[in-house]
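> Dropping in protein.pdb, which is PDB, C-alpha atoms:
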ATOM      1  CA  MET H   1      20.175-118.658  95.742
ATOM      2  CA  HIS H   2      19.118-119.482  92.233
ATOM      3  CA  ARG H   3      17.789-122.648  90.685
ATOM      4  CA  GLY H   4      19.410-123.989  87.533
ATOM      5  CA  ASP H   5      17.073-122.247  85.093
ATOM      6  CA  ASP H   6      17.257-118.953  86.988
ATOM      7  CA  LEU H   7      21.047-119.163  87.091
ATOM      8  CA  HIS H   8      21.294-119.276  83.314
ATOM      9  CA  GLN H   9      19.234-116.075  83.139
ATOM     10  CA  LEU H  10      21.572-114.041  85.349
ATOM     11  CA  PRO H  11      23.317-111.326  83.317
ATOM     12  CA  ILE H  12      26.695-112.150  84.890
ATOM     13  CA  TYR H  13      26.285-115.838  84.050
ATOM     14  CA  LYS H  14      25.331-115.052  80.463
ATOM     15  CA  LYS H  15      28.362-112.764  80.157
ATOM     16  CA  ALA H  16      30.617-115.513  81.559
ATOM     17  CA  GLU H  17      29.321-117.885  78.890
ATOM     18  CA  GLU H  18      29.988-115.230  76.257
ATOM     19  CA  ILE H  19      33.550-114.823  77.558
ATOM     20  CA  PHE H  20      34.073-118.564  77.315
ATOM     21  CA  LYS H  21      32.896-118.656  73.689
ATOM     22  CA  LEU H  22      35.062-115.673  72.757
ATOM     23  CA  THR H  23      38.073-117.202  74.492
ATOM     24  CA  GLU H  24      37.521-120.469  72.674
ATOM     25  CA  ALA H  25      37.363-118.613  69.339
ATOM     26  CA  LEU H  26      40.446-116.580  70.200
ATOM     27  CA  ALA H  27      42.414-119.679  71.195
ATOM     28  CA  ARG H  28      41.590-121.233  67.804
ATOM     29  CA  THR H  29      43.232-118.276  66.043
ATOM     30  CA  ILE H  30      46.584-118.918  67.736
ATOM     31  CA  PRO H  31      48.840-120.567  65.145
ATOM     32  CA  GLU H  32      48.911-124.317  65.751
ATOM     33  CA  ASP H  33      52.611-124.488  64.919
ATOM     34  CA  ASN H  34      53.378-122.100  67.805
ATOM     35  CA  GLU H  35      53.693-124.804  70.425
ATOM     36  CA  TYR H  36      54.738-122.352  73.130
ATOM     37  CA  LEU H  37      51.592-120.212  72.796
ATOM     38  CA  GLN H  38      49.396-123.288  72.502
ATOM     39  CA  GLU H  39      50.812-124.857  75.671
ATOM     40  CA  THR H  40      50.895-121.681  77.737
ATOM     41  CA  THR H  41      48.740-118.708  76.771
ATOM     42  CA  ALA H  42      45.949-120.606  74.986
ATOM     43  CA  LYS H  43      45.799-123.284  77.678
ATOM     44  CA  PHE H  44      45.798-120.793  80.568
ATOM     45  CA  MET H  45      43.188-118.600  78.882
ATOM     46  CA  MET H  46      40.845-121.560  78.426
ATOM     47  CA  GLU H  47      41.345-122.663  82.045
ATOM     48  CA  ASP H  48      40.498-119.189  83.321
ATOM     49  CA  ALA H  49      37.479-118.821  81.030
ATOM     50  CA  MET H  50      36.168-122.239  82.097
ATOM     51  CA  MET H  51      36.222-121.250  85.779
ATOM     52  CA  LEU H  52      33.868-118.273  85.542
ATOM     53  CA  SER H  53      30.474-119.957  85.099
ATOM     54  CA  PRO H  54      30.998-122.764  87.646
ATOM     55  CA  LYS H  55      32.195-120.317  90.286
ATOM     56  CA  ILE H  56      29.172-118.088  89.667
ATOM     57  CA  ALA H  57      26.986-121.184  90.071
ATOM     58  CA  GLY H  58      28.869-122.084  93.257
ATOM     59  CA  ALA H  59      28.307-118.641  94.729
ATOM     60  CA  GLU H  60      24.648-118.666  93.728
ATOM     61  CA  GLY H  61      24.155-122.115  95.225
ATOM     62  CA  VAL H  62      25.001-121.066  98.782
ATOM     63  CA  GLY H  63      23.804-118.421 101.159
ATOM     64  CA  LEU H  64      26.881-117.880 103.296
ATOM     65  CA  TYR H  65      28.653-114.611 102.623
ATOM     66  CA  ASP H  66      32.176-115.979 103.074
ATOM     67  CA  ILE H  67      31.641-118.794 100.538
ATOM     68  CA  LYS H  68      30.112-116.360  98.060
ATOM     69  CA  MET H  69      33.086-114.026  98.511
ATOM     70  CA  GLU H  70      35.572-116.873  98.127
ATOM     71  CA  ASN H  71      33.993-117.775  94.781
ATOM     72  CA  ALA H  72      33.934-114.099  93.810
ATOM     73  CA  ALA H  73      37.662-113.784  94.526
ATOM     74  CA  ILE H  74      38.409-116.748  92.269
ATOM     75  CA  ILE H  75      36.190-115.278  89.535
ATOM     76  CA  ARG H  76      38.011-111.966  89.768
ATOM     77  CA  ARG H  77      41.426-113.646  89.623
ATOM     78  CA  CYS H  78      40.465-115.709  86.572
ATOM     79  CA  ALA H  79      38.925-112.745  84.729
ATOM     80  CA  ARG H  80      41.959-110.562  85.408
ATOM     81  CA  GLN H  81      44.390-113.265  84.309
ATOM     82  CA  LEU H  82      42.351-113.842  81.162
ATOM     83  CA  TYR H  83      42.389-110.111  80.407
ATOM     84  CA  VAL H  84      46.190-109.986  80.727
ATOM     85  CA  SER H  85      46.826-113.237  78.848
ATOM     86  CA  ALA H  86      44.668-112.147  75.934
ATOM     87  CA  GLY H  87      46.368-108.757  75.874
ATOM     88  CA  SER H  88      49.794-110.385  75.744
ATOM     89  CA  LEU H  89      48.911-111.952  72.398
ATOM     90  CA  ARG H  90      49.089-108.507  70.771
ATOM     91  CA  PHE H  91      52.867-108.607  71.210
ATOM     92  CA  GLU H  92      53.370-111.949  69.468
ATOM     93  CA  ASP H  93      54.800-111.628  65.950
ATOM     94  CA  ASP H  94      52.878-114.550  64.479
ATOM     95  CA  PHE H  95      49.527-113.606  66.050
ATOM     96  CA  LYS H  96      47.428-111.422  63.740
ATOM     97  CA  ASP H  97      43.849-111.515  65.122
ATOM     98  CA  ASN H  98      44.072-108.546  67.471
ATOM     99  CA  GLU H  99      40.386-107.685  66.943
ATOM    100  CA  TYR H 100      39.503-110.864  68.883
ATOM    101  CA  VAL H 101      41.778-109.715  71.694
ATOM    102  CA  GLU H 102      40.075-106.317  71.880
ATOM    103  CA  LEU H 103      36.608-107.866  71.720
ATOM    104  CA  LEU H 104      37.416-110.273  74.555
ATOM    105  CA  ARG H 105      38.934-107.538  76.696
ATOM    106  CA  GLU H 106      35.884-105.288  76.146
ATOM    107  CA  THR H 107      33.618-108.180  77.131
ATOM    108  CA  ILE H 108      35.657-108.765  80.293
ATOM    109  CA  ASP H 109      35.243-105.050  81.119
ATOM    110  CA  GLU H 110      31.465-105.466  80.740
ATOM    111  CA  PHE H 111      31.676-108.571  82.937
ATOM    112  CA  ARG H 112      33.577-106.569  85.584
ATOM    113  CA  LEU H 113      30.723-104.064  85.847
ATOM    114  CA  LEU H 114      28.164-106.874  86.211
ATOM    115  CA  PHE H 115      30.456-108.480  88.791
ATOM    116  CA  ILE H 116      30.530-105.322  90.930
ATOM    117  CA  GLU H 117      26.727-105.175  90.945
ATOM    118  CA  TRP H 118      26.418-108.930  91.605
ATOM    119  CA  VAL H 119      28.795-108.908  94.601
ATOM    120  CA  ALA H 120      27.042-105.851  96.059
ATOM    121  CA  GLY H 121      23.883-107.988  96.217
ATOM    122  CA  PHE H 122      25.410-110.614  98.534
ATOM    123  CA  ASP H 123      23.596-110.839 101.882
ATOM    124  CA  GLN H 124      26.160-109.671 104.440
ATOM    125  CA  TRP H 125      23.984-110.876 107.314
ATOM    126  CA  ASP H 126      24.079-114.512 106.196
ATOM    127  CA  TYR H 127      27.519-115.374 107.479
ATOM    128  CA  ILE H 128      29.649-117.370 109.794
ATOM    129  CA  ILE H 129      32.867-115.772 110.979
ATOM    130  CA  ASP H 130      35.736-116.517 108.617
ATOM    131  CA  ARG H 131      38.493-117.355 111.089
ATOM    132  CA  TRP H 132      41.070-116.826 108.324
ATOM    133  CA  GLY H 133      39.938-113.209 108.166
ATOM    134  CA  LEU H 134      39.592-112.888 104.400
ATOM    135  CA  PHE H 135      35.890-112.989 103.649
ATOM    136  CA  ASN H 136      34.060-111.493 106.600
ATOM    137  CA  PRO H 137      31.336-108.919 106.024
ATOM    138  CA  PRO H 138      32.230-105.296 106.807
ATOM    139  CA  GLY H 139      32.619-104.757 110.540
ATOM    140  CA  VAL H 140      33.281-108.434 111.349
ATOM    141  CA  THR H 141      36.791-109.681 112.123
ATOM    142  CA  ALA H 142      38.343-113.093 112.562
ATOM    143  CA  TYR H 143      38.759-112.330 116.283
ATOM    144  CA  ASP H 144      35.117-111.496 116.976
ATOM    145  CA  LYS H 145      33.152-113.627 119.380
ATOM    146  CA  ASP H 146      30.769-115.922 117.538
ATOM    147  CA  PRO H 147      27.189-115.095 118.658
ATOM    148  CA  ASP H 148      26.295-118.778 118.264
ATOM    149  CA  ASP H 149      28.646-119.564 121.179
ATOM    150  CA  ASP H 150      25.950-118.210 123.515
ATOM    151  CA  ILE H 151      23.419-120.800 122.381
ATOM    152  CA  PRO H 152      23.386-123.596 124.949
ATOM    153  CA  PHE H 153      23.995-127.015 123.422
ATOM    154  CA  ASP H 154      24.149-130.268 125.335
ATOM    155  CA  PRO H 155      25.192-133.096 123.008
ATOM    156  CA  LYS H 156      23.983-135.722 125.504
ATOM    157  CA  SER H 157      20.429-134.411 125.427
ATOM    158  CA  PHE H 158      20.619-133.934 121.649
ATOM    159  CA  PHE H 159      21.227-137.641 121.102
ATOM    160  CA  GLU H 160      18.754-138.860 123.756
ATOM    161  CA  GLY H 161      16.004-140.937 122.273
ATOM    162  CA  LEU H 162      17.917-141.919 119.155
ATOM    163  CA  ALA H 163      18.300-145.459 120.492
ATOM    164  CA  ASP H 164      14.507-145.752 120.362
ATOM    165  CA  PHE H 165      14.495-145.592 116.565
ATOM    166  CA  GLU H 166      14.803-148.630 114.317
ATOM    167  CA  ASP H 167      18.044-149.308 112.559
ATOM    168  CA  PHE H 168      18.518-146.453 110.070
ATOM    169  CA  ASP H 169      19.526-148.842 107.262
ATOM    170  CA  GLU H 170      16.233-150.734 107.624
ATOM    171  CA  ALA H 171      14.301-147.473 107.556
ATOM    172  CA  ASP H 172      16.129-146.452 104.359
ATOM    173  CA  GLU H 173      15.289-149.797 102.735
ATOM    174  CA  ASP H 174      11.602-149.299 103.539
ATOM    175  CA  VAL H 175      11.667-145.889 101.851
ATOM    176  CA  ASP H 176      13.455-147.349  98.797
ATOM    177  CA  ASP H 177      10.873-150.165  98.565
ATOM    178  CA  ASP H 178       8.033-147.626  98.681
ATOM    179  CA  GLU H 179       9.638-145.601  95.872
ATOM    180  CA  ASP H 180      10.090-148.744  93.713
ATOM    181  CA  ASP H 181       6.437-149.693  94.218
ATOM    182  CA  SER H 182       5.225-146.253  93.128
ATOM    183  CA  GLU H 183       7.443-146.322  90.002
ATOM    184  CA  GLU H 184       5.983-149.681  88.912
ATOM    185  CA  GLU H 185       2.403-148.351  88.997
TER     186      GLU H 185
END
Before we go any further, please render this structure as structure tokens.


Amino acid sequence: MHRGDDLHQLPIYKKAEEIFKLTEALARTIPEDNEYLQETTAKFMMEDAMMLSPKIAGAEGVGLYDIKMENAAIIRRCARQLYVSAGSLRFEDDFKDNEYVELLRETIDEFRLLFIEWVAGFDQWDYIIDRWGLFNPPGVTAYDKDPDDDIPFDPKSFFEGLADFEDFDEADEDVDDDEDDSEEE
């Protein structure tokens, strides 16, 4: 997992930001009077480009393999859709900035290579079984027995002694009062 500053230094994150900027520039070159392209291709391209960085951050913010893979699948879908949408502009009669299209598609290809390396670094041993069967690590299936099922858990004994504590709201107020006092100093 990465902290905010570390996240912005990841090569895949930097490339996602670059893709967003290129997509934004490309969308601006679409003729404004072409309402169809503005409302479809340009809009969809921007939506896909905007998803890359937050989904990378989401995957980096968790440890669980299945959540990381779920984010990775969304990233892949968005990058592929963006690649195709940008490429479709080459066939529009009133679109002339094909060099932007090629630049964006080359950048997405570079992103794809970083993506492969990034996903390969996911910890396959930090997982819970995905009962939907989509994002389990290799060798784990949705039908496997969960090893945590063997850990004895008695909810009655877990909650014993909780009645001995003060009201939680009062305890929270005491903490808040202490924080206010230290801020005033």

> So how far away is CA of Leu82 in chain H from CA of Asn34 in chain H, in Å?

19.2 Å

> Run the PyMOL selection byres ((chain H and resi 52) around 12) mentally over the shown coordinates, then write out the matched residues as a PyMOL selection string, using the chain letters and numbers from the document.

chain H and resi 12-21+23+45-51+53-59+71-82+108+111-112+115

> Skipping near chain neighbours, those fewer than 6 positions away, what residues fall within 12 Å of Ile128 in chain H using only C-alpha atoms, listed as a ChimeraX atom specification?

/H:63-68,135-137,140-142,144-149

> What is the distance, in Å and to one decimal place, between CA of Leu114 in chain H and CA of Pro11 in chain H?

7.2 Å

> Quick one, how far is CA of Arg105 in chain H from CA of Tyr83 in chain H?

5.7 Å

> Do you know which residues the PyMOL selection byres ((chain H and resi 101) around 8) returns on this file, as a ChimeraX atom specification?

/H:26,86-87,89-90,97-100,102-105

> Those selected residues, please, written with C-alpha atoms and delivered as a compact mmCIF listing (two decimals), in the frame of the given file.


# COMPACT_ATOMS: atom_id res chain seq x y z
CA LEU H 26 40.45 -116.58 70.20
CA ALA H 86 44.67 -112.15 75.93
CA GLY H 87 46.37 -108.76 75.87
CA LEU H 89 48.91 -111.95 72.40
CA ARG H 90 49.09 -108.51 70.77
CA ASP H 97 43.85 -111.52 65.12
CA ASN H 98 44.07 -108.55 67.47
CA GLU H 99 40.39 -107.68 66.94
CA TYR H 100 39.50 -110.86 68.88
CA GLU H 102 40.08 -106.32 71.88
CA LEU H 103 36.61 -107.87 71.72
CA LEU H 104 37.42 -110.27 74.56
CA ARG H 105 38.93 -107.54 76.70

> Which residue is closest to Lys43 in chain H? Choose from H:Glu60, H:Glu24, H:Gln9, H:Ala120 and count all atoms listed in the file.

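For Lys43 in chain H, the nearest of the given residues is H:Glu24.
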
> Using all atoms of range 28-46 of chain H that appear in the file, construct an axis-aligned enclosing box with 4 Å of padding on every side and provide its centre coordinates and edge lengths in Å, rounded to one decimal, as JSON.


{"center_x": 47.8, "center_y": -121.6, "center_z": 72.7, "size_x": 21.9, "size_y": 14.6, "size_z": 23.6}

> Of the candidates H:Glu35, H:Gly61, H:Thr40, H:Val84, which shows the shortest atom-to-atom distance to Leu7 in chain H, using only C-alpha atoms?

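Nearest to Leu7 in chain H: H:Gly61.
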
> Could you add all heavy atoms to range 14-25 of chain H and give me the result as a CSV table (one decimal), keeping the file's coordinate frame?


chain,number,residue,atom,x,y,z
H,14,LYS,N,25.4,-115.1,81.9
H,14,LYS,CA,25.3,-115.1,80.5
H,14,LYS,C,26.6,-114.4,79.9
H,14,LYS,O,27.2,-114.9,78.9
H,14,LYS,CB,24.1,-114.2,80.0
H,14,LYS,CG,22.8,-114.9,80.2
H,14,LYS,CD,21.7,-114.0,79.7
H,14,LYS,CE,20.4,-114.6,79.8
H,14,LYS,NZ,19.3,-113.7,79.3
H,15,LYS,N,27.1,-113.4,80.6
H,15,LYS,CA,28.4,-112.8,80.2
H,15,LYS,C,29.5,-113.7,80.3
H,15,LYS,O,30.4,-113.7,79.5
H,15,LYS,CB,28.6,-111.5,80.9
H,15,LYS,CG,29.7,-110.6,80.4
H,15,LYS,CD,29.4,-110.1,79.0
H,15,LYS,CE,28.3,-109.1,78.9
H,15,LYS,NZ,28.2,-108.6,77.5
H,16,ALA,N,29.6,-114.5,81.4
H,16,ALA,CA,30.6,-115.5,81.6
H,16,ALA,C,30.6,-116.5,80.4
H,16,ALA,O,31.7,-116.9,79.9
H,16,ALA,CB,30.5,-116.2,82.9
H,17,GLU,N,29.4,-117.0,80.0
H,17,GLU,CA,29.3,-117.9,78.9
H,17,GLU,C,29.8,-117.2,77.6
H,17,GLU,O,30.5,-117.9,76.8
H,17,GLU,CB,27.9,-118.4,78.7
H,17,GLU,CG,27.4,-119.3,79.8
H,17,GLU,CD,26.0,-119.8,79.7
H,17,GLU,OE1,25.1,-119.0,79.2
H,17,GLU,OE2,25.7,-120.9,80.0
H,18,GLU,N,29.5,-116.0,77.4
H,18,GLU,CA,30.0,-115.2,76.3
H,18,GLU,C,31.5,-115.1,76.3
H,18,GLU,O,32.2,-115.3,75.2
H,18,GLU,CB,29.4,-113.8,76.3
H,18,GLU,CG,29.7,-113.0,75.1
H,18,GLU,CD,29.1,-111.6,75.1
H,18,GLU,OE1,28.1,-111.4,75.9
H,18,GLU,OE2,29.6,-110.7,74.4
H,19,ILE,N,32.1,-114.9,77.4
H,19,ILE,CA,33.6,-114.8,77.6
H,19,ILE,C,34.2,-116.2,77.2
H,19,ILE,O,35.2,-116.2,76.5
H,19,ILE,CB,34.0,-114.4,79.0
H,19,ILE,CG1,33.6,-112.9,79.2
H,19,ILE,CG2,35.4,-114.7,79.3
H,19,ILE,CD1,33.8,-112.4,80.6
H,20,PHE,N,33.5,-117.2,77.6
H,20,PHE,CA,34.1,-118.6,77.3
H,20,PHE,C,34.1,-118.8,75.8
H,20,PHE,O,35.1,-119.2,75.2
H,20,PHE,CB,33.3,-119.7,78.0
H,20,PHE,CG,33.7,-121.0,77.6
H,20,PHE,CD1,34.9,-121.6,78.1
H,20,PHE,CD2,33.0,-121.8,76.7
H,20,PHE,CE1,35.3,-122.8,77.7
H,20,PHE,CE2,33.4,-123.0,76.3
H,20,PHE,CZ,34.6,-123.6,76.8
H,21,LYS,N,33.0,-118.5,75.1
H,21,LYS,CA,32.9,-118.7,73.7
H,21,LYS,C,33.9,-117.8,72.9
H,21,LYS,O,34.6,-118.2,72.0
H,21,LYS,CB,31.5,-118.4,73.2
H,21,LYS,CG,30.5,-119.4,73.6
H,21,LYS,CD,29.1,-119.0,73.3
H,21,LYS,CE,28.1,-120.0,73.9
H,21,LYS,NZ,26.7,-119.6,73.7
H,22,LEU,N,34.1,-116.6,73.4
H,22,LEU,CA,35.1,-115.7,72.8
H,22,LEU,C,36.5,-116.2,73.0
H,22,LEU,O,37.3,-116.1,72.1
H,22,LEU,CB,34.9,-114.2,73.3
H,22,LEU,CG,33.8,-113.4,72.8
H,22,LEU,CD1,33.6,-112.1,73.6
H,22,LEU,CD2,33.9,-113.1,71.3
H,23,THR,N,36.7,-116.7,74.2
H,23,THR,CA,38.1,-117.2,74.5
H,23,THR,C,38.4,-118.4,73.6
H,23,THR,O,39.5,-118.6,73.1
H,23,THR,CB,38.2,-117.6,76.0
H,23,THR,OG1,37.9,-116.4,76.8
H,23,THR,CG2,39.6,-118.1,76.3
H,24,GLU,N,37.4,-119.3,73.5
H,24,GLU,CA,37.5,-120.5,72.7
H,24,GLU,C,37.8,-120.1,71.2
H,24,GLU,O,38.7,-120.6,70.6
H,24,GLU,CB,36.2,-121.3,72.8
H,24,GLU,CG,36.3,-122.7,72.3
H,24,GLU,CD,35.0,-123.4,72.6
H,24,GLU,OE1,33.9,-122.9,72.5
H,24,GLU,OE2,35.1,-124.6,73.0
H,25,ALA,N,37.1,-119.1,70.7
H,25,ALA,CA,37.4,-118.6,69.3
H,25,ALA,C,38.8,-118.0,69.2
H,25,ALA,O,39.5,-118.2,68.2
H,25,ALA,CB,36.3,-117.6,68.9
